[in-house]
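Text of input_36.cif (mmCIF, N, CA and C atoms) as supplied:
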```cif
data_target
#
loop_
_atom_site.label_atom_id
_atom_site.label_comp_id
_atom_site.auth_asym_id
_atom_site.auth_seq_id
_atom_site.Cartn_x
_atom_site.Cartn_y
_atom_site.Cartn_z
N MET M 1 0.82 -1.19 0.00
CA MET M 1 0.00 0.00 0.00
C MET M 1 0.87 1.26 0.00
N ALA M 2 1.97 1.18 0.74
CA ALA M 2 2.86 2.33 0.80
C ALA M 2 3.52 2.59 -0.56
N ALA M 3 3.80 1.52 -1.28
CA ALA M 3 4.41 1.69 -2.61
C ALA M 3 3.45 2.38 -3.57
N VAL M 4 2.17 2.06 -3.47
CA VAL M 4 1.17 2.68 -4.34
C VAL M 4 1.04 4.16 -4.00
N LEU M 5 1.00 4.49 -2.71
CA LEU M 5 0.88 5.88 -2.29
C LEU M 5 2.10 6.69 -2.68
N MET M 6 3.29 6.14 -2.47
CA MET M 6 4.51 6.84 -2.86
C MET M 6 4.58 7.00 -4.37
N SER M 7 4.15 6.00 -5.10
CA SER M 7 4.15 6.09 -6.56
C SER M 7 3.18 7.15 -7.04
N LEU M 8 2.03 7.25 -6.40
CA LEU M 8 1.05 8.26 -6.77
C LEU M 8 1.59 9.67 -6.53
N VAL M 9 2.23 9.87 -5.40
CA VAL M 9 2.81 11.19 -5.11
C VAL M 9 3.91 11.54 -6.10
N LEU M 10 4.79 10.59 -6.37
CA LEU M 10 5.87 10.84 -7.33
C LEU M 10 5.34 11.02 -8.75
N ALA M 11 4.26 10.31 -9.09
CA ALA M 11 3.66 10.46 -10.42
C ALA M 11 3.02 11.84 -10.57
N VAL M 12 2.43 12.37 -9.51
CA VAL M 12 1.88 13.72 -9.57
C VAL M 12 3.00 14.74 -9.80
N VAL M 13 4.11 14.56 -9.13
CA VAL M 13 5.25 15.47 -9.32
C VAL M 13 5.81 15.33 -10.73
N ALA M 14 6.02 14.09 -11.17
CA ALA M 14 6.58 13.86 -12.51
C ALA M 14 5.60 14.31 -13.60
N GLY M 15 4.32 14.04 -13.41
CA GLY M 15 3.33 14.47 -14.38
C GLY M 15 3.21 15.99 -14.45
N GLY M 16 3.31 16.63 -13.30
CA GLY M 16 3.28 18.10 -13.29
C GLY M 16 4.48 18.70 -13.99
N MET M 17 5.65 18.12 -13.77
CA MET M 17 6.84 18.62 -14.45
C MET M 17 6.75 18.36 -15.95
N GLY M 18 6.23 17.20 -16.32
CA GLY M 18 6.05 16.91 -17.75
C GLY M 18 5.07 17.85 -18.40
N TRP M 19 4.00 18.16 -17.69
CA TRP M 19 3.00 19.10 -18.22
C TRP M 19 3.58 20.50 -18.37
N LEU M 20 4.42 20.91 -17.42
CA LEU M 20 5.05 22.23 -17.52
C LEU M 20 6.04 22.28 -18.67
N MET M 21 6.75 21.18 -18.92
CA MET M 21 7.73 21.18 -19.99
C MET M 21 7.09 21.00 -21.37
N LEU M 22 6.08 20.13 -21.48
CA LEU M 22 5.51 19.81 -22.78
C LEU M 22 4.26 20.61 -23.11
N GLY M 23 3.53 21.02 -22.09
CA GLY M 23 2.31 21.80 -22.33
C GLY M 23 1.14 20.92 -22.69
N ASN M 24 0.11 21.53 -23.24
CA ASN M 24 -1.11 20.82 -23.61
C ASN M 24 -0.96 20.21 -25.00
N ARG M 25 -0.46 19.01 -25.06
CA ARG M 25 -0.24 18.33 -26.34
C ARG M 25 -1.49 17.62 -26.85
N PHE M 26 -2.40 17.29 -25.95
CA PHE M 26 -3.57 16.51 -26.31
C PHE M 26 -4.80 17.40 -26.30
N GLU M 27 -5.62 17.28 -27.31
CA GLU M 27 -6.88 18.03 -27.39
C GLU M 27 -7.99 17.12 -26.87
N LEU M 28 -8.21 17.16 -25.56
CA LEU M 28 -9.16 16.27 -24.93
C LEU M 28 -10.53 16.90 -24.73
N ASP M 29 -10.60 18.24 -24.75
CA ASP M 29 -11.87 18.94 -24.55
C ASP M 29 -11.79 20.28 -25.27
N THR M 30 -12.95 20.81 -25.64
CA THR M 30 -12.97 22.09 -26.35
C THR M 30 -12.76 23.26 -25.40
N ASP M 31 -13.16 23.11 -24.14
CA ASP M 31 -12.95 24.16 -23.15
C ASP M 31 -11.47 24.20 -22.75
N ALA M 32 -10.88 25.38 -22.76
CA ALA M 32 -9.44 25.51 -22.51
C ALA M 32 -9.07 25.10 -21.09
N ARG M 33 -9.84 25.51 -20.10
CA ARG M 33 -9.51 25.17 -18.70
C ARG M 33 -9.65 23.67 -18.46
N GLN M 34 -10.72 23.09 -18.96
CA GLN M 34 -10.94 21.66 -18.78
C GLN M 34 -9.88 20.86 -19.52
N ASN M 35 -9.43 21.35 -20.67
CA ASN M 35 -8.39 20.68 -21.43
C ASN M 35 -7.07 20.66 -20.65
N GLU M 36 -6.74 21.75 -19.96
CA GLU M 36 -5.52 21.77 -19.14
C GLU M 36 -5.59 20.76 -18.01
N ILE M 37 -6.73 20.68 -17.35
CA ILE M 37 -6.89 19.73 -16.25
C ILE M 37 -6.80 18.29 -16.76
N LEU M 38 -7.44 18.01 -17.87
CA LEU M 38 -7.40 16.66 -18.43
C LEU M 38 -6.00 16.30 -18.92
N ASN M 39 -5.28 17.25 -19.49
CA ASN M 39 -3.90 16.99 -19.91
C ASN M 39 -3.02 16.68 -18.70
N LEU M 40 -3.18 17.43 -17.63
CA LEU M 40 -2.40 17.18 -16.42
C LEU M 40 -2.73 15.79 -15.87
N GLY M 41 -4.00 15.43 -15.84
CA GLY M 41 -4.38 14.10 -15.37
C GLY M 41 -3.83 13.00 -16.24
N LEU M 42 -3.81 13.23 -17.54
CA LEU M 42 -3.25 12.23 -18.45
C LEU M 42 -1.75 12.07 -18.26
N TYR M 43 -1.04 13.18 -18.05
CA TYR M 43 0.40 13.10 -17.79
C TYR M 43 0.67 12.34 -16.49
N VAL M 44 -0.14 12.56 -15.48
CA VAL M 44 0.02 11.85 -14.21
C VAL M 44 -0.25 10.36 -14.41
N ALA M 45 -1.28 10.02 -15.17
CA ALA M 45 -1.60 8.62 -15.42
C ALA M 45 -0.49 7.94 -16.22
N ILE M 46 0.07 8.64 -17.18
CA ILE M 46 1.17 8.08 -17.97
C ILE M 46 2.42 7.91 -17.11
N ALA M 47 2.68 8.85 -16.22
CA ALA M 47 3.88 8.79 -15.37
C ALA M 47 3.75 7.75 -14.27
N PHE M 48 2.52 7.35 -13.92
CA PHE M 48 2.34 6.43 -12.81
C PHE M 48 2.98 5.07 -13.08
N VAL M 49 2.85 4.57 -14.29
CA VAL M 49 3.35 3.21 -14.59
C VAL M 49 4.87 3.10 -14.42
N PRO M 50 5.68 3.95 -15.05
CA PRO M 50 7.13 3.80 -14.84
C PRO M 50 7.57 4.13 -13.41
N VAL M 51 6.88 5.07 -12.78
CA VAL M 51 7.23 5.40 -11.39
C VAL M 51 6.90 4.22 -10.48
N PHE M 52 5.77 3.58 -10.68
CA PHE M 52 5.40 2.43 -9.86
C PHE M 52 6.39 1.28 -10.05
N ILE M 53 6.79 1.05 -11.27
CA ILE M 53 7.77 -0.01 -11.53
C ILE M 53 9.11 0.32 -10.86
N ALA M 54 9.52 1.58 -10.95
CA ALA M 54 10.79 1.98 -10.32
C ALA M 54 10.72 1.86 -8.81
N VAL M 55 9.59 2.21 -8.21
CA VAL M 55 9.44 2.09 -6.77
C VAL M 55 9.46 0.62 -6.36
N LEU M 56 8.83 -0.24 -7.13
CA LEU M 56 8.84 -1.66 -6.78
C LEU M 56 10.22 -2.27 -6.92
N ILE M 57 10.98 -1.83 -7.91
CA ILE M 57 12.32 -2.38 -8.09
C ILE M 57 13.25 -1.93 -6.96
N TRP M 58 13.13 -0.66 -6.55
CA TRP M 58 14.05 -0.14 -5.53
C TRP M 58 13.59 -0.40 -4.12
N SER M 59 12.39 -0.91 -3.90
CA SER M 59 11.94 -1.18 -2.54
C SER M 59 12.56 -2.50 -2.06
N PRO M 60 12.89 -2.55 -0.79
CA PRO M 60 13.53 -3.78 -0.28
C PRO M 60 12.59 -4.94 -0.14
#
```

How does this structure look as C-alpha cells?
Amino acid sequence: MAAVLMSLVLAVVAGGMGWLMLGNRFELDTDARQNEILNLGLYVAIAFVPVFIAVLIWSP
C-alpha cells in the first residue's frame, strides 16, 4: 500500500513537471480550462506506470 501511495505522489510530481515542460499536447476537450486539467491528469496517469515499476524495483 505504501508503494502505491509513494508512486502516486511521485507520479503527480513527474506528471506536473512533464506538463510544464511539454504543455497541452492533447486536445481532450474544447474548453481551454478543462483541457488543461485533463492533460495534467493524463500526464500523471502516464507517469504512474514507470514510477510504480521503479518504486517496486528499488523497494527492499

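The interatomic distance for the pair CA of Gly16 in chain M and CA of Gly41 in chain M works out to 8.9 Å.
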
List as a VMD selection string the protein and nucleic acid residues near Ala3 in chain M, meaning an atom at most 12 Å away when only C-alpha atoms are counted, but skip any in the same chain fewer than 3 places from it.
chain M and resid 6 to 11 48 51 to 60

Suppose we keep N, CA and C atoms; can you now write the selection as a CSV table (one decimal), in the frame of the given file?
```csv
chain,number,residue,atom,x,y,z
M,6,MET,N,3.3,6.1,-2.5
M,6,MET,CA,4.5,6.8,-2.9
M,6,MET,C,4.6,7.0,-4.4
M,7,SER,N,4.2,6.0,-5.1
M,7,SER,CA,4.2,6.1,-6.6
M,7,SER,C,3.2,7.2,-7.0
M,8,LEU,N,2.0,7.2,-6.4
M,8,LEU,CA,1.0,8.3,-6.8
M,8,LEU,C,1.6,9.7,-6.5
M,9,VAL,N,2.2,9.9,-5.4
M,9,VAL,CA,2.8,11.2,-5.1
M,9,VAL,C,3.9,11.5,-6.1
M,10,LEU,N,4.8,10.6,-6.4
M,10,LEU,CA,5.9,10.8,-7.3
M,10,LEU,C,5.3,11.0,-8.8
M,11,ALA,N,4.3,10.3,-9.1
M,11,ALA,CA,3.7,10.5,-10.4
M,11,ALA,C,3.0,11.8,-10.6
M,48,PHE,N,2.5,7.4,-13.9
M,48,PHE,CA,2.3,6.4,-12.8
M,48,PHE,C,3.0,5.1,-13.1
M,51,VAL,N,6.9,5.1,-12.8
M,51,VAL,CA,7.2,5.4,-11.4
M,51,VAL,C,6.9,4.2,-10.5
M,52,PHE,N,5.8,3.6,-10.7
M,52,PHE,CA,5.4,2.4,-9.9
M,52,PHE,C,6.4,1.3,-10.0
M,53,ILE,N,6.8,1.0,-11.3
M,53,ILE,CA,7.8,0.0,-11.5
M,53,ILE,C,9.1,0.3,-10.9
M,54,ALA,N,9.5,1.6,-11.0
M,54,ALA,CA,10.8,2.0,-10.3
M,54,ALA,C,10.7,1.9,-8.8
M,55,VAL,N,9.6,2.2,-8.2
M,55,VAL,CA,9.4,2.1,-6.8
M,55,VAL,C,9.5,0.6,-6.4
M,56,LEU,N,8.8,-0.2,-7.1
M,56,LEU,CA,8.8,-1.7,-6.8
M,56,LEU,C,10.2,-2.3,-6.9
M,57,ILE,N,11.0,-1.8,-7.9
M,57,ILE,CA,12.3,-2.4,-8.1
M,57,ILE,C,13.2,-1.9,-7.0
M,58,TRP,N,13.1,-0.7,-6.6
M,58,TRP,CA,14.0,-0.1,-5.5
M,58,TRP,C,13.6,-0.4,-4.1
M,59,SER,N,12.4,-0.9,-3.9
M,59,SER,CA,11.9,-1.2,-2.5
M,59,SER,C,12.6,-2.5,-2.1
M,60,PRO,N,12.9,-2.6,-0.8
M,60,PRO,CA,13.5,-3.8,-0.3
M,60,PRO,C,12.6,-4.9,-0.1
```

As JSON, numbers by chain, please: every residue in chain M that DSSP puts in alpha helix (DSSP H).
{"M": [2, 3, 4, 5, 6, 7, 8, 9, 10, 11, 12, 13, 14, 15, 16, 17, 18, 19, 20, 21, 22, 32, 33, 34, 35, 36, 37, 38, 39, 40, 41, 42, 43, 44, 45, 46, 47, 48, 49, 50, 51, 52, 53, 54, 55, 56, 57, 58]}

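Near range 22-33 of chain M, within a cut-off of 9 Å and counting only C-alpha atoms, sit the residues Asn39, Leu40 and Leu42 of chain M, with same-chain residues fewer than 6 positions away left out.
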
Output N, CA and C atoms of each residue in that selection to a file, as a tab-separated table (two decimals), in the coordinates of the input.
```
chain	number	residue	atom	x	y	z
M	39	ASN	N	-5.28	17.25	-19.49
M	39	ASN	CA	-3.90	16.99	-19.91
M	39	ASN	C	-3.02	16.68	-18.70
M	40	LEU	N	-3.18	17.43	-17.63
M	40	LEU	CA	-2.40	17.18	-16.42
M	40	LEU	C	-2.73	15.79	-15.87
M	42	LEU	N	-3.81	13.23	-17.54
M	42	LEU	CA	-3.25	12.23	-18.45
M	42	LEU	C	-1.75	12.07	-18.26
```

Around range 37-42 of chain M, with edges along x, y and z and 4 Å added on all six sides, what centre and edge lengths do you get, in Å to one decimal, as lines of an AutoDock Vina configuration file?
```
center_x = -4.6
center_y = 16.4
center_z = -17.6
size_x = 13.7
size_y = 16.6
size_z = 12.5
```

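Reported to one decimal place, the separation of CA of Gly15 in chain M from CA of Tyr43 in chain M is 4.7 Å.
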